[in-house]
Amino acid sequence: MAKGTEKHGIGTKKYDMGLGWWLLKKNNNTYWHGGGTGCFSSFLGCDKDRKAAVVVLANYGLGINDDQNIGFTLLESLQH
């Protein structure tokens, strides 16, 4: 597991928290971080089982969680 992706806090029903990373509870092998400032947003998601990663960068402000939705859609569409 990548450094800082071990569970360090309780998140929500779907997610736990690592050190700066969100961890998907259903498989514990998917982790991501995203955010934005001003008119920029980003998302980095990694799936250890699929050995895949996705980066979404936007030079305009997306709606709340839009970069995350795009990132997860891309990550889930990747084949092994």
# chains A, B, ... in the order shown; residues from 1 in each chain; ligands from 1
$ select_by_dssp --residues "range 10-80 of chain A" --states "helix (DSSP H, G or I)" --output "list in words"
Asp66, Asp67, Gln68, Asn69, Ile70, Gly71, Phe72, Thr73, Leu74, Leu75, Glu76 and Ser77 of chain A
$ write_last_selection --atoms "C-alpha atoms" --output "compact mmCIF listing (two decimals), in the first residue's frame"
# COMPACT_ATOMS: atom_id res chain seq x y z
CA ASP A 66 -17.54 16.52 -10.52
CA ASP A 67 -13.80 15.84 -10.79
CA GLN A 68 -14.25 12.92 -8.39
CA ASN A 69 -17.17 11.52 -10.43
CA ILE A 70 -15.14 11.80 -13.65
CA GLY A 71 -12.14 10.17 -11.97
CA PHE A 72 -14.09 7.23 -10.57
CA THR A 73 -15.88 6.67 -13.89
CA LEU A 74 -12.51 6.49 -15.66
CA LEU A 75 -10.98 4.29 -12.96
CA GLU A 76 -13.89 1.84 -13.03
CA SER A 77 -13.80 1.66 -16.84
$ residues_around --residues "range 55-58 of chain A" --least-positions-apart "3" --cutoff "8 Å" --atoms "only C-alpha atoms" --output "list in words"
Phe40, Ser41, Ser42, Phe43, Leu44, Gly45, Gly61, Leu62, Asp67, Ile70 and Gly71 of chain A
$ closest_residue --among "A:Gly38, A:Asn65, A:Trp22, A:Asn29" --to "Lys51 in chain A" --atoms "only C-alpha atoms"
A:Asn29
$ residues_around --residues "Leu78 in chain A" --least-positions-apart "6" --cutoff "10 Å" --atoms "only C-alpha atoms" --output "PyMOL selection string"
chain A and resi 47+50-54
$ atom_distance --atom1 "CA of Asp16 in chain A" --atom2 "CA of Lys48 in chain A"
16.2 Å
